[in-house]
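Notes for the one structure printed next.
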Amino acid sequence: MSGARERVLAAVWSGLGGASASPAAIAAESAALLHDPALIRPRLPDLAPADIFAERVAREKIGATVERIATLAALPDAVSRYLARHALPDRVALQPWPELLSLDWGGLHTHQKIAPDEKAAVGFAEWGVAETGSLVFRSGAGTPVLFHFLPLHHIVALRAGSIVAHLEDLAAVLQKTGPAPRNLNIVTGASGTTDIE
C-alpha cells in the first residue's frame with residue numbers, strides 16, 4: 001500500500017514540475033495577486049451600490065422583492081402592503097432590534113419570539129453586498145440568528161448607505177466595527193440554511 005501511495009505522490013510531484021518554491025517566492029506570488037484587488041474583482045455596472053443591490057436581489061435566481069422607502073418610519077406600512085400582497089395574516093415576528101421596536105406598528109400584531117413555522121418576520125440587516133445581492137446579519141442580542149432562517153417570509157430593512165460594492169469591502173468595514181461577532185451570516189436569497197457563513 002505504501003509503495004502505491006509513494007508512486008501516486010511522485011507522479012503528482014513530477015506533474016507539478018518537481019521543484020518546490022521557496023517561501024520568498026510563494027510570498028511574492030501571493031503579494032502580486034493581492035497588489036491590485038480591482039483587477040480580480042468582478043466588474044460592476046456604473047451605478048450606486050444600492051441600485052446594483054436592488055437589481056441583483058430581485059433576480060429570479062435569488063427570488064426577493066425590493067421596495068424602497070424614504071425613512072425607517074415608513075417600514076410598518078411597507079410591511080402591511082407586503083403581507084396584503086401575499087395574503088398573509090397581519091401578524092409578524094419582530095426582531096428585537098431597538099430601531100425596529102421603536103416604530104409604530106399600529107395595525108400589525110407583533111411578537112418577539114419566533115416559531116419554527118413562522119409565516120413572516122421583520123428584521124434589520126446591518127449591511128448589504130451589491131456584488132451578490134446579499135444581506136449581512138451580525139449575531140447579537142438584537143439580532144438572534146434564528147430570525148434569519150425560520151420565517152417563510154423574511155422582510156428585511158436595509159439602509160441604502162450601508163450597502164458595499166464587493167464582499168472584500170464588507171471585510172474592510174467589519175475590521176473597523178470592533179470585535180468580531182460570534183456569528184456572521186451572509187444570506188443570499190431564500191434559504192433555510194446559511195448560504196455563506
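Ordered as shown in the C-alpha cells, chains take letters A, B, and onward, while each chain numbers its residues from 1 and ligands are numbered from 1 in the order shown.
Using only C-alpha atoms, the residues found no farther than 7 Å from range 92-105 of chain A, other than those of its own chain fewer than 4 positions away, are Ala73, Pro76, His109, Thr110, His111, Gln112, Lys113, Ile114, Ala120, Ala121, Val122, Gly123, Gly142, Thr143 and Phe147 of chain A.
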For the residues selected in the previous step, produce a file with N, CA, C and O atoms as a PDB file, in the first residue's frame.
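Listed below is the output, result.pdb:
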ATOM      1  N   ALA A  73     -39.363  54.984   9.433  1.00  0.00           N
ATOM      2  CA  ALA A  73     -40.721  55.152   9.971  1.00  0.00           C
ATOM      3  C   ALA A  73     -41.779  54.624   9.008  1.00  0.00           C
ATOM      4  O   ALA A  73     -42.892  54.276   9.415  1.00  0.00           O
ATOM      5  N   PRO A  76     -43.409  50.017   8.792  1.00  0.00           N
ATOM      6  CA  PRO A  76     -44.631  49.281   9.120  1.00  0.00           C
ATOM      7  C   PRO A  76     -45.668  49.281   7.995  1.00  0.00           C
ATOM      8  O   PRO A  76     -46.305  48.257   7.726  1.00  0.00           O
ATOM      9  N   HIS A 109     -50.015  42.975  14.413  1.00  0.00           N
ATOM     10  CA  HIS A 109     -49.774  42.262  15.662  1.00  0.00           C
ATOM     11  C   HIS A 109     -48.328  41.767  15.623  1.00  0.00           C
ATOM     12  O   HIS A 109     -47.962  40.997  14.733  1.00  0.00           O
ATOM     13  N   THR A 110     -47.517  42.220  16.568  1.00  0.00           N
ATOM     14  CA  THR A 110     -46.111  41.829  16.584  1.00  0.00           C
ATOM     15  C   THR A 110     -45.800  41.023  17.824  1.00  0.00           C
ATOM     16  O   THR A 110     -46.447  41.163  18.864  1.00  0.00           O
ATOM     17  N   HIS A 111     -44.809  40.171  17.699  1.00  0.00           N
ATOM     18  CA  HIS A 111     -44.291  39.411  18.840  1.00  0.00           C
ATOM     19  C   HIS A 111     -42.798  39.190  18.598  1.00  0.00           C
ATOM     20  O   HIS A 111     -42.330  39.299  17.467  1.00  0.00           O
ATOM     21  N   GLN A 112     -42.065  38.925  19.673  1.00  0.00           N
ATOM     22  CA  GLN A 112     -40.610  38.827  19.536  1.00  0.00           C
ATOM     23  C   GLN A 112     -40.076  37.410  19.626  1.00  0.00           C
ATOM     24  O   GLN A 112     -38.879  37.196  19.478  1.00  0.00           O
ATOM     25  N   LYS A 113     -40.940  36.426  19.837  1.00  0.00           N
ATOM     26  CA  LYS A 113     -40.486  35.034  19.829  1.00  0.00           C
ATOM     27  C   LYS A 113     -40.815  34.454  18.468  1.00  0.00           C
ATOM     28  O   LYS A 113     -41.939  34.575  17.995  1.00  0.00           O
ATOM     29  N   ILE A 114     -39.842  33.812  17.863  1.00  0.00           N
ATOM     30  CA  ILE A 114     -40.063  33.273  16.526  1.00  0.00           C
ATOM     31  C   ILE A 114     -40.310  31.771  16.597  1.00  0.00           C
ATOM     32  O   ILE A 114     -39.642  31.060  17.354  1.00  0.00           O
ATOM     33  N   ALA A 120     -44.226  35.111   8.851  1.00  0.00           N
ATOM     34  CA  ALA A 120     -43.492  36.312   8.435  1.00  0.00           C
ATOM     35  C   ALA A 120     -42.742  36.905   9.623  1.00  0.00           C
ATOM     36  O   ALA A 120     -43.236  36.892  10.745  1.00  0.00           O
ATOM     37  N   ALA A 121     -41.568  37.398   9.338  1.00  0.00           N
ATOM     38  CA  ALA A 121     -40.764  38.072  10.354  1.00  0.00           C
ATOM     39  C   ALA A 121     -40.165  39.320   9.734  1.00  0.00           C
ATOM     40  O   ALA A 121     -39.902  39.369   8.528  1.00  0.00           O
ATOM     41  N   VAL A 122     -39.946  40.321  10.574  1.00  0.00           N
ATOM     42  CA  VAL A 122     -39.334  41.572  10.124  1.00  0.00           C
ATOM     43  C   VAL A 122     -37.988  41.699  10.815  1.00  0.00           C
ATOM     44  O   VAL A 122     -37.873  41.525  12.036  1.00  0.00           O
ATOM     45  N   GLY A 123     -36.962  41.986  10.037  1.00  0.00           N
ATOM     46  CA  GLY A 123     -35.624  42.103  10.588  1.00  0.00           C
ATOM     47  C   GLY A 123     -34.892  43.309  10.043  1.00  0.00           C
ATOM     48  O   GLY A 123     -35.413  44.074   9.222  1.00  0.00           O
ATOM     49  N   GLY A 142     -29.824  41.918  19.772  1.00  0.00           N
ATOM     50  CA  GLY A 142     -30.887  42.455  18.937  1.00  0.00           C
ATOM     51  C   GLY A 142     -31.039  41.749  17.605  1.00  0.00           C
ATOM     52  O   GLY A 142     -31.918  42.083  16.812  1.00  0.00           O
ATOM     53  N   THR A 143     -30.171  40.774  17.337  1.00  0.00           N
ATOM     54  CA  THR A 143     -30.213  40.061  16.055  1.00  0.00           C
ATOM     55  C   THR A 143     -30.069  38.553  16.257  1.00  0.00           C
ATOM     56  O   THR A 143     -29.068  37.959  15.864  1.00  0.00           O
ATOM     57  N   PHE A 147     -33.938  34.321  13.540  1.00  0.00           N
ATOM     58  CA  PHE A 147     -34.821  35.237  12.820  1.00  0.00           C
ATOM     59  C   PHE A 147     -34.498  35.282  11.324  1.00  0.00           C
ATOM     60  O   PHE A 147     -35.338  35.642  10.518  1.00  0.00           O
TER      61      PHE A 147
END
Which residues, written as JSON, numbers by chain, have at least one atom at most 12 Å from Ala171 in chain A, with only C-alpha atoms counted and residues fewer than 3 positions away on the same chain left out?
{"A": [127, 128, 129, 136, 164, 165, 166, 167, 168, 174, 175, 176, 177, 180, 184, 186]}
Residue selection dump (all heavy atoms) as a CSV table (one decimal), in the first residue's frame:
chain,number,residue,atom,x,y,z
A,127,TRP,N,-25.7,45.4,7.0
A,127,TRP,CA,-25.0,45.7,5.7
A,127,TRP,C,-25.7,44.9,4.6
A,127,TRP,O,-26.3,43.9,4.8
A,127,TRP,CB,-23.5,45.4,5.8
A,127,TRP,CG,-22.8,46.1,6.8
A,127,TRP,CD1,-22.4,47.4,6.8
A,127,TRP,CD2,-22.4,45.6,8.1
A,127,TRP,NE1,-21.8,47.7,8.0
A,127,TRP,CE2,-21.8,46.6,8.8
A,127,TRP,CE3,-22.6,44.4,8.7
A,127,TRP,CZ2,-21.3,46.5,10.1
A,127,TRP,CZ3,-22.1,44.2,10.0
A,127,TRP,CH2,-21.5,45.3,10.7
A,128,GLY,N,-25.4,45.3,3.4
A,128,GLY,CA,-25.7,44.5,2.2
A,128,GLY,C,-24.5,44.5,1.2
A,128,GLY,O,-23.6,45.4,1.4
A,129,VAL,N,-24.4,43.5,0.3
A,129,VAL,CA,-23.3,43.4,-0.6
A,129,VAL,C,-23.9,43.5,-2.0
A,129,VAL,O,-24.7,42.6,-2.4
A,129,VAL,CB,-22.5,42.1,-0.4
A,129,VAL,CG1,-21.4,42.1,-1.4
A,129,VAL,CG2,-22.0,42.0,1.0
A,136,VAL,N,-26.4,41.0,5.2
A,136,VAL,CA,-25.4,40.7,6.2
A,136,VAL,C,-26.0,40.9,7.6
A,136,VAL,O,-26.4,42.0,7.9
A,136,VAL,CB,-24.1,41.5,6.0
A,136,VAL,CG1,-23.0,41.0,7.0
A,136,VAL,CG2,-23.6,41.3,4.6
A,164,VAL,N,-22.3,47.8,0.5
A,164,VAL,CA,-20.9,47.9,0.0
A,164,VAL,C,-20.9,47.3,-1.4
A,164,VAL,O,-21.8,46.5,-1.7
A,164,VAL,CB,-19.9,47.2,0.9
A,164,VAL,CG1,-19.8,48.0,2.2
A,164,VAL,CG2,-20.2,45.8,1.1
A,165,ALA,N,-20.0,47.6,-2.2
A,165,ALA,CA,-19.9,47.1,-3.6
A,165,ALA,C,-19.5,45.6,-3.7
A,165,ALA,O,-20.2,44.8,-4.3
A,165,ALA,CB,-19.0,48.0,-4.4
A,166,HIS,N,-18.4,45.3,-3.0
A,166,HIS,CA,-17.9,43.9,-3.1
A,166,HIS,C,-17.8,43.3,-1.7
A,166,HIS,O,-17.7,44.0,-0.7
A,166,HIS,CB,-16.5,43.9,-3.8
A,166,HIS,CG,-16.5,44.3,-5.2
A,166,HIS,ND1,-16.3,45.6,-5.6
A,166,HIS,CD2,-16.7,43.6,-6.3
A,166,HIS,CE1,-16.4,45.7,-6.9
A,166,HIS,NE2,-16.6,44.5,-7.4
A,167,LEU,N,-17.7,42.0,-1.7
A,167,LEU,CA,-17.5,41.2,-0.5
A,167,LEU,C,-16.3,41.6,0.3
A,167,LEU,O,-16.3,41.8,1.5
A,167,LEU,CB,-17.5,39.7,-0.8
A,167,LEU,CG,-17.8,38.8,0.4
A,167,LEU,CD1,-19.1,39.0,1.0
A,167,LEU,CD2,-17.7,37.3,-0.1
A,168,GLU,N,-15.2,41.9,-0.4
A,168,GLU,CA,-14.0,42.4,0.2
A,168,GLU,C,-14.2,43.7,1.0
A,168,GLU,O,-13.6,44.0,2.0
A,168,GLU,CB,-12.8,42.5,-0.8
A,168,GLU,CG,-12.4,41.3,-1.4
A,168,GLU,CD,-13.2,41.0,-2.7
A,168,GLU,OE1,-14.2,41.7,-3.0
A,168,GLU,OE2,-12.7,40.1,-3.5
A,174,LEU,N,-16.0,45.5,8.4
A,174,LEU,CA,-16.1,44.7,9.7
A,174,LEU,C,-14.9,44.9,10.5
A,174,LEU,O,-15.0,44.9,11.8
A,174,LEU,CB,-16.3,43.3,9.4
A,174,LEU,CG,-17.7,42.9,8.8
A,174,LEU,CD1,-17.7,41.5,8.3
A,174,LEU,CD2,-18.8,43.1,9.8
A,175,GLN,N,-13.7,45.1,9.9
A,175,GLN,CA,-12.5,45.3,10.7
A,175,GLN,C,-12.6,46.6,11.5
A,175,GLN,O,-11.9,46.8,12.5
A,175,GLN,CB,-11.3,45.4,9.8
A,175,GLN,CG,-10.9,44.0,9.3
A,175,GLN,CD,-9.7,44.1,8.3
A,175,GLN,OE1,-9.3,45.1,7.8
A,175,GLN,NE2,-9.1,42.9,8.1
A,176,LYS,N,-13.4,47.6,11.1
A,176,LYS,CA,-13.5,48.9,11.7
A,176,LYS,C,-14.6,48.9,12.8
A,176,LYS,O,-14.7,49.9,13.5
A,176,LYS,CB,-13.7,50.0,10.7
A,176,LYS,CG,-12.6,50.1,9.7
A,176,LYS,CD,-13.0,51.2,8.6
A,176,LYS,CE,-12.0,51.3,7.6
A,176,LYS,NZ,-12.4,52.1,6.5
A,177,THR,N,-15.4,47.9,12.9
A,177,THR,CA,-16.6,47.9,13.8
A,177,THR,C,-16.4,47.3,15.1
A,177,THR,O,-17.3,47.0,15.8
A,177,THR,CB,-17.8,47.3,13.1
A,177,THR,OG1,-17.5,45.9,12.8
A,177,THR,CG2,-18.2,48.0,11.8
A,180,ALA,N,-15.0,40.9,16.5
A,180,ALA,CA,-15.8,40.1,15.6
A,180,ALA,C,-17.0,39.5,16.3
A,180,ALA,O,-16.9,39.1,17.5
A,180,ALA,CB,-14.9,39.0,15.0
A,184,LEU,N,-21.6,35.5,12.0
A,184,LEU,CA,-21.9,36.5,10.9
A,184,LEU,C,-22.6,35.7,9.8
A,184,LEU,O,-22.0,34.8,9.3
A,184,LEU,CB,-20.7,37.2,10.5
A,184,LEU,CG,-20.9,38.3,9.4
A,184,LEU,CD1,-21.4,39.5,10.1
A,184,LEU,CD2,-19.6,38.6,8.7
A,186,ILE,N,-24.2,35.8,6.0
A,186,ILE,CA,-24.4,36.5,4.8
A,186,ILE,C,-25.4,35.7,4.0
A,186,ILE,O,-25.1,34.6,3.5
A,186,ILE,CB,-23.0,36.6,4.0
A,186,ILE,CG1,-22.0,37.3,4.9
A,186,ILE,CG2,-23.2,37.3,2.7
A,186,ILE,CD1,-20.6,37.4,4.4
Atom pair CA of Glu6 in chain A / CA of Pro23 in chain A: separation (Å)
24.6 Å
Extract the full set of helix (DSSP H, G or I) residues from chain A according to DSSP on the backbone, and format it as number ranges by chain.
A: 2-15, 23-34, 37-39, 49-57, 72-85, 98-101, 145-148, 160-162, 167-175
Can you list, as a PDB file with all heavy atoms, in the first residue's frame, every protein, DNA or RNA residue that comes within 10 Å of Ala64 in chain A when you count only C-alpha atoms, leaving out same-chain residues fewer than 3 positions away?
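Saved as around24.pdb:
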ATOM      1  N   ALA A  54     -30.312  46.294  -5.507  1.00  0.00           N
ATOM      2  CA  ALA A  54     -31.742  46.123  -5.803  1.00  0.00           C
ATOM      3  C   ALA A  54     -31.937  45.288  -7.059  1.00  0.00           C
ATOM      4  O   ALA A  54     -32.822  44.415  -7.106  1.00  0.00           O
ATOM      5  CB  ALA A  54     -32.418  47.484  -5.954  1.00  0.00           C
ATOM      6  N   ARG A  56     -29.768  43.052  -8.331  1.00  0.00           N
ATOM      7  CA  ARG A  56     -29.288  41.676  -8.121  1.00  0.00           C
ATOM      8  C   ARG A  56     -30.229  40.878  -7.222  1.00  0.00           C
ATOM      9  O   ARG A  56     -30.490  39.719  -7.465  1.00  0.00           O
ATOM     10  CB  ARG A  56     -27.881  41.703  -7.512  1.00  0.00           C
ATOM     11  CG  ARG A  56     -26.855  42.425  -8.360  1.00  0.00           C
ATOM     12  CD  ARG A  56     -26.042  41.482  -9.203  1.00  0.00           C
ATOM     13  NE  ARG A  56     -25.329  42.186 -10.243  1.00  0.00           N
ATOM     14  CZ  ARG A  56     -24.017  42.206 -10.375  1.00  0.00           C
ATOM     15  NH1 ARG A  56     -23.259  41.584  -9.504  1.00  0.00           N
ATOM     16  NH2 ARG A  56     -23.468  42.837 -11.386  1.00  0.00           N
ATOM     17  N   VAL A  57     -30.713  41.495  -6.158  1.00  0.00           N
ATOM     18  CA  VAL A  57     -31.552  40.760  -5.207  1.00  0.00           C
ATOM     19  C   VAL A  57     -32.904  40.410  -5.814  1.00  0.00           C
ATOM     20  O   VAL A  57     -33.543  39.438  -5.417  1.00  0.00           O
ATOM     21  CB  VAL A  57     -31.692  41.542  -3.880  1.00  0.00           C
ATOM     22  CG1 VAL A  57     -32.720  42.647  -3.985  1.00  0.00           C
ATOM     23  CG2 VAL A  57     -32.010  40.620  -2.726  1.00  0.00           C
ATOM     24  N   ALA A  58     -33.341  41.182  -6.822  1.00  0.00           N
ATOM     25  CA  ALA A  58     -34.637  40.917  -7.449  1.00  0.00           C
ATOM     26  C   ALA A  58     -34.552  39.926  -8.615  1.00  0.00           C
ATOM     27  O   ALA A  58     -35.570  39.592  -9.204  1.00  0.00           O
ATOM     28  CB  ALA A  58     -35.250  42.236  -7.924  1.00  0.00           C
ATOM     29  N   ARG A  59     -33.355  39.438  -8.924  1.00  0.00           N
ATOM     30  CA  ARG A  59     -33.215  38.450  -9.998  1.00  0.00           C
ATOM     31  C   ARG A  59     -33.972  37.177  -9.632  1.00  0.00           C
ATOM     32  O   ARG A  59     -34.081  36.812  -8.460  1.00  0.00           O
ATOM     33  CB  ARG A  59     -31.746  38.109 -10.227  1.00  0.00           C
ATOM     34  CG  ARG A  59     -30.982  39.198 -10.923  1.00  0.00           C
ATOM     35  CD  ARG A  59     -29.546  38.803 -11.143  1.00  0.00           C
ATOM     36  NE  ARG A  59     -28.839  39.834 -11.875  1.00  0.00           N
ATOM     37  CZ  ARG A  59     -27.543  39.813 -12.098  1.00  0.00           C
ATOM     38  NH1 ARG A  59     -26.795  38.821 -11.641  1.00  0.00           N
ATOM     39  NH2 ARG A  59     -26.976  40.788 -12.779  1.00  0.00           N
ATOM     40  N   GLU A  60     -34.431  36.486 -10.648  1.00  0.00           N
ATOM     41  CA  GLU A  60     -35.217  35.277 -10.424  1.00  0.00           C
ATOM     42  C   GLU A  60     -34.446  34.239  -9.601  1.00  0.00           C
ATOM     43  O   GLU A  60     -35.012  33.545  -8.766  1.00  0.00           O
ATOM     44  CB  GLU A  60     -35.619  34.675 -11.775  1.00  0.00           C
ATOM     45  CG  GLU A  60     -36.546  33.494 -11.646  1.00  0.00           C
ATOM     46  CD  GLU A  60     -36.977  32.936 -12.985  1.00  0.00           C
ATOM     47  OE1 GLU A  60     -36.804  33.612 -14.018  1.00  0.00           O
ATOM     48  OE2 GLU A  60     -37.492  31.806 -12.996  1.00  0.00           O
ATOM     49  N   LYS A  61     -33.159  34.152  -9.818  1.00  0.00           N
ATOM     50  CA  LYS A  61     -32.328  33.172  -9.108  1.00  0.00           C
ATOM     51  C   LYS A  61     -32.359  33.405  -7.591  1.00  0.00           C
ATOM     52  O   LYS A  61     -32.327  32.465  -6.811  1.00  0.00           O
ATOM     53  CB  LYS A  61     -30.900  33.258  -9.636  1.00  0.00           C
ATOM     54  CG  LYS A  61     -29.985  32.201  -9.122  1.00  0.00           C
ATOM     55  CD  LYS A  61     -28.626  32.319  -9.808  1.00  0.00           C
ATOM     56  CE  LYS A  61     -27.690  31.233  -9.343  1.00  0.00           C
ATOM     57  NZ  LYS A  61     -26.386  31.326  -9.966  1.00  0.00           N
ATOM     58  N   GLY A 133     -25.948  40.622  -4.048  1.00  0.00           N
ATOM     59  CA  GLY A 133     -27.315  40.815  -3.597  1.00  0.00           C
ATOM     60  C   GLY A 133     -27.549  40.147  -2.255  1.00  0.00           C
ATOM     61  O   GLY A 133     -28.588  39.547  -2.002  1.00  0.00           O
ATOM     62  N   HIS A 153     -41.485  34.046   5.210  1.00  0.00           N
ATOM     63  CA  HIS A 153     -41.313  35.346   4.556  1.00  0.00           C
ATOM     64  C   HIS A 153     -40.468  36.208   5.485  1.00  0.00           C
ATOM     65  O   HIS A 153     -40.906  36.540   6.580  1.00  0.00           O
ATOM     66  CB  HIS A 153     -42.672  36.025   4.313  1.00  0.00           C
ATOM     67  CG  HIS A 153     -43.522  35.301   3.330  1.00  0.00           C
ATOM     68  ND1 HIS A 153     -43.619  35.691   2.011  1.00  0.00           N
ATOM     69  CD2 HIS A 153     -44.313  34.208   3.463  1.00  0.00           C
ATOM     70  CE1 HIS A 153     -44.428  34.864   1.385  1.00  0.00           C
ATOM     71  NE2 HIS A 153     -44.870  33.958   2.238  1.00  0.00           N
ATOM     72  N   HIS A 154     -39.273  36.556   5.049  1.00  0.00           N
ATOM     73  CA  HIS A 154     -38.377  37.375   5.861  1.00  0.00           C
ATOM     74  C   HIS A 154     -38.318  38.768   5.237  1.00  0.00           C
ATOM     75  O   HIS A 154     -37.773  38.947   4.151  1.00  0.00           O
ATOM     76  CB  HIS A 154     -36.986  36.748   5.912  1.00  0.00           C
ATOM     77  CG  HIS A 154     -36.092  37.351   6.935  1.00  0.00           C
ATOM     78  ND1 HIS A 154     -34.728  37.254   6.871  1.00  0.00           N
ATOM     79  CD2 HIS A 154     -36.352  38.057   8.061  1.00  0.00           C
ATOM     80  CE1 HIS A 154     -34.188  37.879   7.906  1.00  0.00           C
ATOM     81  NE2 HIS A 154     -35.162  38.376   8.636  1.00  0.00           N
ATOM     82  N   ILE A 155     -38.907  39.729   5.910  1.00  0.00           N
ATOM     83  CA  ILE A 155     -38.948  41.107   5.430  1.00  0.00           C
ATOM     84  C   ILE A 155     -37.825  41.854   6.141  1.00  0.00           C
ATOM     85  O   ILE A 155     -37.806  41.917   7.371  1.00  0.00           O
ATOM     86  CB  ILE A 155     -40.314  41.744   5.734  1.00  0.00           C
ATOM     87  CG1 ILE A 155     -41.431  40.884   5.112  1.00  0.00           C
ATOM     88  CG2 ILE A 155     -40.359  43.173   5.220  1.00  0.00           C
ATOM     89  CD1 ILE A 155     -42.804  41.154   5.676  1.00  0.00           C
ATOM     90  N   THR A 188     -28.048  35.132   0.886  1.00  0.00           N
ATOM     91  CA  THR A 188     -28.366  35.499  -0.482  1.00  0.00           C
ATOM     92  C   THR A 188     -29.588  34.715  -0.920  1.00  0.00           C
ATOM     93  O   THR A 188     -29.505  33.526  -1.177  1.00  0.00           O
ATOM     94  CB  THR A 188     -27.175  35.182  -1.417  1.00  0.00           C
ATOM     95  OG1 THR A 188     -26.000  35.774  -0.879  1.00  0.00           O
ATOM     96  CG2 THR A 188     -27.420  35.709  -2.813  1.00  0.00           C
ATOM     97  N   GLY A 189     -30.730  35.368  -0.967  1.00  0.00           N
ATOM     98  CA  GLY A 189     -31.939  34.715  -1.436  1.00  0.00           C
ATOM     99  C   GLY A 189     -32.630  33.887  -0.375  1.00  0.00           C
ATOM    100  O   GLY A 189     -32.226  33.843   0.776  1.00  0.00           O
ATOM    101  N   ALA A 190     -33.684  33.222  -0.806  1.00  0.00           N
ATOM    102  CA  ALA A 190     -34.479  32.400   0.100  1.00  0.00           C
ATOM    103  C   ALA A 190     -33.703  31.152   0.467  1.00  0.00           C
ATOM    104  O   ALA A 190     -33.172  30.473  -0.394  1.00  0.00           O
ATOM    105  CB  ALA A 190     -35.783  32.019  -0.583  1.00  0.00           C
TER     106      ALA A 190
END
Who sits within 12 Å of Arg43 in chain A, only C-alpha atoms, same chain under 5 positions skipped, as a ChimeraX atom specification:
/A:37-38,52,130-131,165-166
Keeping only N, CA, C and O atoms, write the selected residues as a PDB file, in the first residue's frame.
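The file below, selection.pdb, is the result:
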ATOM      1  N   PRO A  37      -6.458  44.615  -6.037  1.00  0.00           N
ATOM      2  CA  PRO A  37      -7.676  43.803  -5.972  1.00  0.00           C
ATOM      3  C   PRO A  37      -8.695  44.140  -7.056  1.00  0.00           C
ATOM      4  O   PRO A  37      -9.473  43.299  -7.458  1.00  0.00           O
ATOM      5  N   ALA A  38      -8.675  45.365  -7.578  1.00  0.00           N
ATOM      6  CA  ALA A  38      -9.632  45.750  -8.614  1.00  0.00           C
ATOM      7  C   ALA A  38      -9.472  44.890  -9.862  1.00  0.00           C
ATOM      8  O   ALA A  38     -10.424  44.698 -10.619  1.00  0.00           O
ATOM      9  N   ILE A  52     -27.397  48.628  -7.681  1.00  0.00           N
ATOM     10  CA  ILE A  52     -26.888  47.308  -8.083  1.00  0.00           C
ATOM     11  C   ILE A  52     -27.487  46.238  -7.183  1.00  0.00           C
ATOM     12  O   ILE A  52     -27.946  45.192  -7.658  1.00  0.00           O
ATOM     13  N   ALA A 130     -23.618  44.543  -2.754  1.00  0.00           N
ATOM     14  CA  ALA A 130     -24.184  44.748  -4.085  1.00  0.00           C
ATOM     15  C   ALA A 130     -23.774  43.638  -5.051  1.00  0.00           C
ATOM     16  O   ALA A 130     -24.591  43.151  -5.831  1.00  0.00           O
ATOM     17  N   GLU A 131     -22.515  43.232  -5.006  1.00  0.00           N
ATOM     18  CA  GLU A 131     -21.973  42.232  -5.931  1.00  0.00           C
ATOM     19  C   GLU A 131     -22.834  40.968  -5.972  1.00  0.00           C
ATOM     20  O   GLU A 131     -23.083  40.418  -7.043  1.00  0.00           O
ATOM     21  N   ALA A 165     -19.967  47.620  -2.230  1.00  0.00           N
ATOM     22  CA  ALA A 165     -19.917  47.115  -3.604  1.00  0.00           C
ATOM     23  C   ALA A 165     -19.533  45.634  -3.661  1.00  0.00           C
ATOM     24  O   ALA A 165     -20.214  44.827  -4.278  1.00  0.00           O
ATOM     25  N   HIS A 166     -18.417  45.265  -3.026  1.00  0.00           N
ATOM     26  CA  HIS A 166     -17.882  43.907  -3.116  1.00  0.00           C
ATOM     27  C   HIS A 166     -17.775  43.260  -1.736  1.00  0.00           C
ATOM     28  O   HIS A 166     -17.724  43.956  -0.721  1.00  0.00           O
TER      29      HIS A 166
END
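The closest residue to Ser139 in chain A, picked from A:Arg7, A:Ala115, A:Ala70, A:Pro181 and counting only C-alpha atoms, is A:Pro181.
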I need the residues in range 79-128 of chain A that are strand (DSSP E or B) according to DSSP; give them as a count of residues only.
15
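The gap separating CA of Pro49 in chain A from CA of Pro151 in chain A is 27.0 Å, in Å to one decimal.
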Of A:Val66, A:Leu170, A:Leu108, A:Leu34, the one sitting nearest Leu88 in chain A when using only C-alpha atoms is A:Leu108
